[in-house]
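Engineer: I have a structure I would like to understand better, so I am pasting it below and will then ask my questions one at a time.
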Amino acid sequence: MAAATETVVHETRAPSSAPLLRVQNMAKHFGGNVVLRNISLEVAEGEFLTILGESGSGKTTLLRIIAGFETADCGQLWMAGERLDLLPPYQRRVNTVFQHYALFPHLTVEQNVSYGLRVAKAPPAEIAARVEQALAQVKMTAHAKAKPAKISGGQQQRVALARALVNRPRLLLLDEPLSALDANLRRQMQVELKSLQREVGISFVFVTHDQEEAMVMSDRIALLRLGELEQVATPREIYSRPATAYTAQFIGHTNLLECEVKNGVARCHSLSWSTQAGEGSALFSLRPENVRLVTPGTALAGEGVRFHARVRHQAFHGATELLRVECADGLVFTVRTSGRVDLQDDLELEFRAADAVPVRGSGERS
Amino acid sequence: MFSRAYRAAVTLPPLLWVAVFLLLPYGLMFCYSFWSVSPAQTIVHSWNLENYRQLVTVDVYWQTLLRSMWIAARVMLLSLLLGYPLGYFLSFHAGRRKDLLYQLVIIPLWVSYLVRAYAWKTILGSDGVLNTLLQYVHLTRHPLEFLLYSPFAVVLTLTHIYTPFAFLPIYAALEHVPRNLVEASEDLGASPFETFWRVIFPLSIPGVLAGATFAFVLSLGDFLAPLLLGGPSGIMISNIVVSLFGAAYNWPLGAAISLCMLVLVVSLLFVSERLEKKWSFR
């Protein structure tokens with residue numbers, strides 16, 4: 001089983017050329033607390049990589065190590081063939097968008113954006129041109145002369161982005177940049193940020209605790225849990241082929257089925273299906289939308305597993321509805337359906353055996 | 001919300017205090033400054049500007065006032081030069097020793113001003129610690145006379161006494177500089193030195209202004225240090241006021257000088273506050 005998931009991880013969008021950033025065996029502890037252990041990660045040129053994790057997972061610490069604000073206990077950082085971890089932050093060709101923007105309050109929007117270029121002693125004409133372009137890129141030209149305190153949170157966010165991008169870094173680090181915005185603005189900024197990243201072609205390493213945000217924006221997601229990488233894969237891959245029970249539960253809803261595998265057949269209560277998973281007890285993740293109402297006369301492609309269950313609870317989500325259904329033997333499923341059903345209805349349901357994905361339990365490491 | 005009686009009980013004592021110990025004396029001083037003294041040493045209650053004329057025309061008064069301002073300016077400058085690096089070090093580089101060092105700066109404030117002034121007298125006197133040492137190591141043959149009873153001694157003592165007052169607001173301002181701004185600056189390629197000049201220092205200016213004002217105003221009105229260590233050449237305006245109210249028995253002239261000082265100090269505070277507002281961004 002472990003071997004099967006390993007191959008899956010390696011299939012995911014292998015960087016075409018040498019990676020831009022390579023994190024090797026990074027570890028960090030604060031006092032007695034281990035914050036990161038043995039992190040190895042690669043970021044490709046032009047890639048949007050999201051480091052996703054709950055609070056305390058070590059995601060911000062990892063970002064701060066890349067930026068140079070923290071030093072790792074061991075491990076190395078390489079960027080484009082150069083040791084990064086030996087340089088102070090101001091010598092790294094990496095820029096950061098901070099969680100609370102960290103705009104300089106005594107400087108105007110324009111002066112904030114030109115800061116990096118002025119420090120680098122760029123020619124004044126070039127500074128003016130690039131600042132103007134950067135402000136236009138984030139639609140903040142009209143507020144060039146304003147002080148940060150006079151503009152809104154979303155606008156400050158844009159200025160912080162322009163201030164970093166104007167330096168044309170090879171890598172942009174973003175530390176939960178959208179977490180202070182309200183839901184609507186946040187969704188809008190997700191789209192803007194993603195299209196901006198495509199436009200400029202700079203690699204982004206984006207830290208968030210919001211799995212939806214990670215799914216919407218990323219080329220790849222690195223899921224961090226208690227200082228260790230749980231899985232690194234594309235959003236599609238991580239959703240449809242979660243490697244662990246934790247991943248399956250953290251990203252989207254899922255049904256975790258505890259099974260016994262014997263002679264290539266998985267058994268869970270009265271249900272059974274054939275599987276490639278190894279013998280013995282196993283966990284399977286089954287997404288709610290992969291359990292369907294049986295429509296008479298149609299057959300599922302591949303092996304189907306059918307069962308009867310009664311609707312115990314409904315939650316309306318607009319286009320779909322999440323049902324909690326209970327089989328006669330007490331097995332409970334979460335099912336996503338767009339059909340109209342009523343509480344206590346007796347339903348005939350089915351799922352494809354291939355959609356039940358074997359996952360490692362929490363604590364197990366491959 | 002609160003009863004009338006309650007509000008009266010709360011506001012009346014401070015109002016009374018201010019009226020009796022502040023407004024009344026100032027009012028009296030204001031009146032006195034326009035009166036005069038008869039040759040028979042009685043106060044003549046006739047209104048005139050004679051005292052203010054004397055203040056401008058008699059050399060010793062305006063010269064002493066200028067000298068006092070010059071001494072205060074030097075004390076201010078030295079206090080800032082000592083207080084700022086101290087505050088910067090404590091705020092940014094002291095790490096875990098921060099609280100201890102902070103207490104060490106504050107502790108001298110608990111020692112009586114008089115004791116500290118006398119301590120300098122012991123150090124700077126012709127038989128003092130410093131002169132004895134200099135002669136002992138044969139750097140000088142005779143005691144250095146300029147050490148004590150000079151403006152130098154006054155500036156030195158006042159700097160020692162008022163540096164903590166300059167340090168405190170500077171330290172507070174530096175503590176309020178968001179650390180993520182320092183990180184942002186370094187992230188944008190600024191070296192630690194550039195980060196200091198472009199970010200940390202501008203954001204600490206309100207503290208510098210407050211510290212400078214403290215040091216200047218407190219020094220300007222000081223009379224103990226010049227009395228104990230100043231000698232004839234280190235005399236300050238407050239010493240003149242003290243003698244006018246005492247031995248010389250010329251309250252009207254003393255009141256006029258005091259009022260001038262008051263106007264000067266209040267306008268300084270006003271300007272300083274405006275500047276501080278201009279330089280604060282939160």
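Labels for the structure tokens follow display order: chains A, B, ..., residues from 1 in each chain, ligands from 1.
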As number ranges by chain, could you give me every residue of chain A near chain B (at most 10 Å apart, counting only C-alpha atoms)?
Structural biologist: A: 67-69, 88-107, 112-120, 147-149, 160, 163-164, 167, 169
Engineer: Write out as a PDB file with C-alpha atoms, in the first residue's frame the residues lying within 7 Å of Leu209 (chain B), counting only C-alpha atoms and excluding same-chain residues fewer than 4 positions away.
Structural biologist:
ATOM      1  CA  ILE B 205      11.351  60.632  16.073  1.00  0.00           C
ATOM      2  CA  THR B 213      11.969  68.405  25.414  1.00  0.00           C
ATOM      3  CA  SER B 272       7.268  69.861  20.501  1.00  0.00           C
ATOM      4  CA  GLU B 276       5.466  64.785  17.643  1.00  0.00           C
TER       5      GLU B 276
END
Engineer: Quick one: everything within 9 Å of Gln137 (chain A), counting only C-alpha atoms, minus sequence neighbours fewer than 4 positions away in the same chain. Send it as a short mmCIF file (atom, residue, chain, number, x, y, z; two decimals) with N, CA and C atoms, in the first residue's frame.
Structural biologist:
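Full text of around_10.cif as output:
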data_model
loop_
_atom_site.label_atom_id
_atom_site.label_comp_id
_atom_site.auth_asym_id
_atom_site.auth_seq_id
_atom_site.Cartn_x
_atom_site.Cartn_y
_atom_site.Cartn_z
N GLU A 132 5.77 52.85 -11.43
CA GLU A 132 4.52 53.18 -12.11
C GLU A 132 3.88 51.92 -12.69
N GLN A 133 4.71 51.09 -13.28
CA GLN A 133 4.19 49.85 -13.87
C GLN A 133 3.64 48.92 -12.79
N THR A 141 -2.51 53.03 -8.95
CA THR A 141 -1.90 54.26 -9.43
C THR A 141 -2.55 55.49 -8.81
N ALA A 162 2.75 44.83 -4.78
CA ALA A 162 3.53 45.62 -5.73
C ALA A 162 4.92 45.88 -5.20
N LEU A 196 -2.24 37.21 -11.66
CA LEU A 196 -1.03 38.02 -11.61
C LEU A 196 0.22 37.13 -11.63
#
Engineer: Return the single residue from B:Ser233, B:Thr42, B:Thr11, B:Thr57 that is closest to Leu148 (chain B), with distances computed using only C-alpha atoms.
Structural biologist: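 Of all the options, B:Ser233 lies closest to Leu148 (chain B).
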Engineer: Would you mind listing what lies within 10 Å of Leu114 (chain B) as an MDAnalysis selection string, with only C-alpha atoms counted and same-chain residues fewer than 6 positions away left out?
Structural biologist: chainID B and resid 224:225 228
Engineer: So the first atom is CA of Ala9 (chain B) and the second is CA of Leu28 (chain B); what is the distance between them in Å, to one decimal place?
Structural biologist: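 Answer for the CA of Ala9 (chain B) to CA of Leu28 (chain B) separation: 27.7 Å.
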Engineer: Within 8 Å of region 87-107 of chain B, which residues of region 116-201 of chain B show up? Give each one with its shortest atom-to-atom distance in Å (one decimal) and the two atoms involved, counting only C-alpha atoms, rows by chain then rising residue number, as JSON lines.
Structural biologist:
{"residue": "B:Pro164", "atom": "CA", "partner": "B:Val105", "partner_atom": "CA", "distance": 6.6}
{"residue": "B:Phe167", "atom": "CA", "partner": "B:Gly87", "partner_atom": "CA", "distance": 6.0}
{"residue": "B:Leu168", "atom": "CA", "partner": "B:Gly87", "partner_atom": "CA", "distance": 7.7}
{"residue": "B:Ile170", "atom": "CA", "partner": "B:Gly87", "partner_atom": "CA", "distance": 6.2}
{"residue": "B:Tyr171", "atom": "CA", "partner": "B:Gly87", "partner_atom": "CA", "distance": 4.5}
{"residue": "B:Leu174", "atom": "CA", "partner": "B:Ser91", "partner_atom": "CA", "distance": 6.4}
{"residue": "B:Glu175", "atom": "CA", "partner": "B:Ser91", "partner_atom": "CA", "distance": 5.8}
Engineer: Write the residues of the selection above to a file with N, CA and C atoms, as a JSON list (two decimals), in the first residue's frame.
Structural biologist:
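Heads up, here's the output in out_20.json:
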[["chain", "number", "residue", "atom", "x", "y", "z"],
["B", 164, "PRO", "N", 18.32, 59.67, 31.83],
["B", 164, "PRO", "CA", 17.21, 58.70, 31.90],
["B", 164, "PRO", "C", 15.89, 59.29, 31.39],
["B", 167, "PHE", "N", 16.11, 59.10, 27.77],
["B", 167, "PHE", "CA", 16.12, 57.69, 27.37],
["B", 167, "PHE", "C", 14.70, 57.09, 27.36],
["B", 168, "LEU", "N", 13.92, 57.37, 28.39],
["B", 168, "LEU", "CA", 12.62, 56.69, 28.53],
["B", 168, "LEU", "C", 11.69, 56.84, 27.32],
["B", 170, "ILE", "N", 12.44, 57.70, 24.30],
["B", 170, "ILE", "CA", 13.10, 57.14, 23.10],
["B", 170, "ILE", "C", 12.95, 55.62, 23.11],
["B", 171, "TYR", "N", 13.20, 55.04, 24.27],
["B", 171, "TYR", "CA", 13.06, 53.58, 24.40],
["B", 171, "TYR", "C", 11.63, 53.15, 24.10],
["B", 174, "LEU", "N", 10.98, 53.27, 20.40],
["B", 174, "LEU", "CA", 11.66, 52.18, 19.69],
["B", 174, "LEU", "C", 10.94, 50.85, 19.93],
["B", 175, "GLU", "N", 10.43, 50.68, 21.16],
["B", 175, "GLU", "CA", 9.70, 49.46, 21.45],
["B", 175, "GLU", "C", 8.43, 49.36, 20.60]]
Engineer: I want to know what sits within 10 Å of region 315-329 of chain A, based on only C-alpha atoms, with residues of the same chain fewer than 4 positions away left out; could you give that as number ranges by chain?
Structural biologist: A: 253, 269-270, 288-289, 307-311, 333-347, 349
Engineer: Identify, on the basis of only C-alpha atoms, every residue whose closest approach to Val242 (chain B) does not exceed 12 Å; exclude the query and any residue fewer than 2 positions from it along the same chain; express the result as a PyMOL selection string.
Structural biologist: chain B and resi 221-224+227+235-240+244-251+253-255+257-258
Engineer: Enumerate the residues of region 87-319 of chain A with a DSSP assignment of strand (DSSP E or B), computed from the backbone, and present them as number ranges by chain.
Structural biologist: A: 94-97, 171-175, 203-208, 220-225, 228-233, 244, 255-262, 265-268, 271-274, 280-286, 292-293, 304-316
Engineer: Can you tell me, as a PyMOL selection string, what residues are no more than 12 Å from Arg141 (chain B) when counting only C-alpha atoms, ignoring any on the same chain fewer than 4 positions away?
Structural biologist: chain B and resi 126+131-137+145
Engineer: Return as a VMD selection string the full set of residues in region 228-281 of chain B whose backbone-based DSSP assignment is helix (DSSP H, G or I).
Structural biologist: chain B and resid 228 to 230 232 to 234 237 to 245 251 to 278
Engineer: For C-alpha atoms, I'd like the residues from the last selection saved as a PDB file, in the first residue's frame.
Structural biologist:
ATOM      1  CA  LEU B 228      26.344  73.461  44.064  1.00  0.00           C
ATOM      2  CA  LEU B 229      28.689  73.082  41.091  1.00  0.00           C
ATOM      3  CA  GLY B 230      28.306  76.121  38.867  1.00  0.00           C
ATOM      4  CA  PRO B 232      30.026  82.404  39.407  1.00  0.00           C
ATOM      5  CA  SER B 233      30.473  81.459  35.729  1.00  0.00           C
ATOM      6  CA  GLY B 234      27.960  78.607  35.849  1.00  0.00           C
ATOM      7  CA  ILE B 237      18.471  81.967  35.544  1.00  0.00           C
ATOM      8  CA  SER B 238      16.709  80.079  38.348  1.00  0.00           C
ATOM      9  CA  ASN B 239      19.488  81.067  40.763  1.00  0.00           C
ATOM     10  CA  ILE B 240      18.747  84.702  39.982  1.00  0.00           C
ATOM     11  CA  VAL B 241      15.045  84.166  40.538  1.00  0.00           C
ATOM     12  CA  VAL B 242      15.752  82.458  43.866  1.00  0.00           C
ATOM     13  CA  SER B 243      17.912  85.329  45.034  1.00  0.00           C
ATOM     14  CA  LEU B 244      15.399  87.945  43.856  1.00  0.00           C
ATOM     15  CA  PHE B 245      12.670  86.275  45.885  1.00  0.00           C
ATOM     16  CA  TRP B 251       9.543  89.854  44.164  1.00  0.00           C
ATOM     17  CA  PRO B 252       8.206  91.900  41.221  1.00  0.00           C
ATOM     18  CA  LEU B 253      11.352  91.403  39.133  1.00  0.00           C
ATOM     19  CA  GLY B 254      11.539  87.731  40.170  1.00  0.00           C
ATOM     20  CA  ALA B 255       7.930  87.278  39.094  1.00  0.00           C
ATOM     21  CA  ALA B 256       8.597  88.921  35.728  1.00  0.00           C
ATOM     22  CA  ILE B 257      11.546  86.613  35.014  1.00  0.00           C
ATOM     23  CA  SER B 258       9.522  83.583  36.124  1.00  0.00           C
ATOM     24  CA  LEU B 259       6.664  84.506  33.819  1.00  0.00           C
ATOM     25  CA  CYS B 260       9.035  84.879  30.893  1.00  0.00           C
ATOM     26  CA  MET B 261      10.426  81.421  31.625  1.00  0.00           C
ATOM     27  CA  LEU B 262       6.917  80.039  31.847  1.00  0.00           C
ATOM     28  CA  VAL B 263       5.937  81.475  28.468  1.00  0.00           C
ATOM     29  CA  LEU B 264       9.149  80.170  26.943  1.00  0.00           C
ATOM     30  CA  VAL B 265       8.672  76.636  28.309  1.00  0.00           C
ATOM     31  CA  VAL B 266       4.986  76.406  27.464  1.00  0.00           C
ATOM     32  CA  SER B 267       5.603  77.490  23.865  1.00  0.00           C
ATOM     33  CA  LEU B 268       8.402  74.926  23.615  1.00  0.00           C
ATOM     34  CA  LEU B 269       6.075  72.192  24.841  1.00  0.00           C
ATOM     35  CA  PHE B 270       3.473  73.322  22.357  1.00  0.00           C
ATOM     36  CA  VAL B 271       5.862  73.214  19.394  1.00  0.00           C
ATOM     37  CA  SER B 272       7.268  69.861  20.501  1.00  0.00           C
ATOM     38  CA  GLU B 273       3.804  68.359  20.737  1.00  0.00           C
ATOM     39  CA  ARG B 274       2.876  69.580  17.272  1.00  0.00           C
ATOM     40  CA  LEU B 275       6.043  68.077  15.839  1.00  0.00           C
ATOM     41  CA  GLU B 276       5.466  64.785  17.643  1.00  0.00           C
ATOM     42  CA  LYS B 277       1.978  64.578  16.133  1.00  0.00           C
ATOM     43  CA  LYS B 278       3.384  65.262  12.708  1.00  0.00           C
TER      44      LYS B 278
END
Engineer: Work out how far CA of Gly53 (chain A) is from CA of Arg225 (chain A), in Å to one decimal.
Structural biologist: 6.1 Å
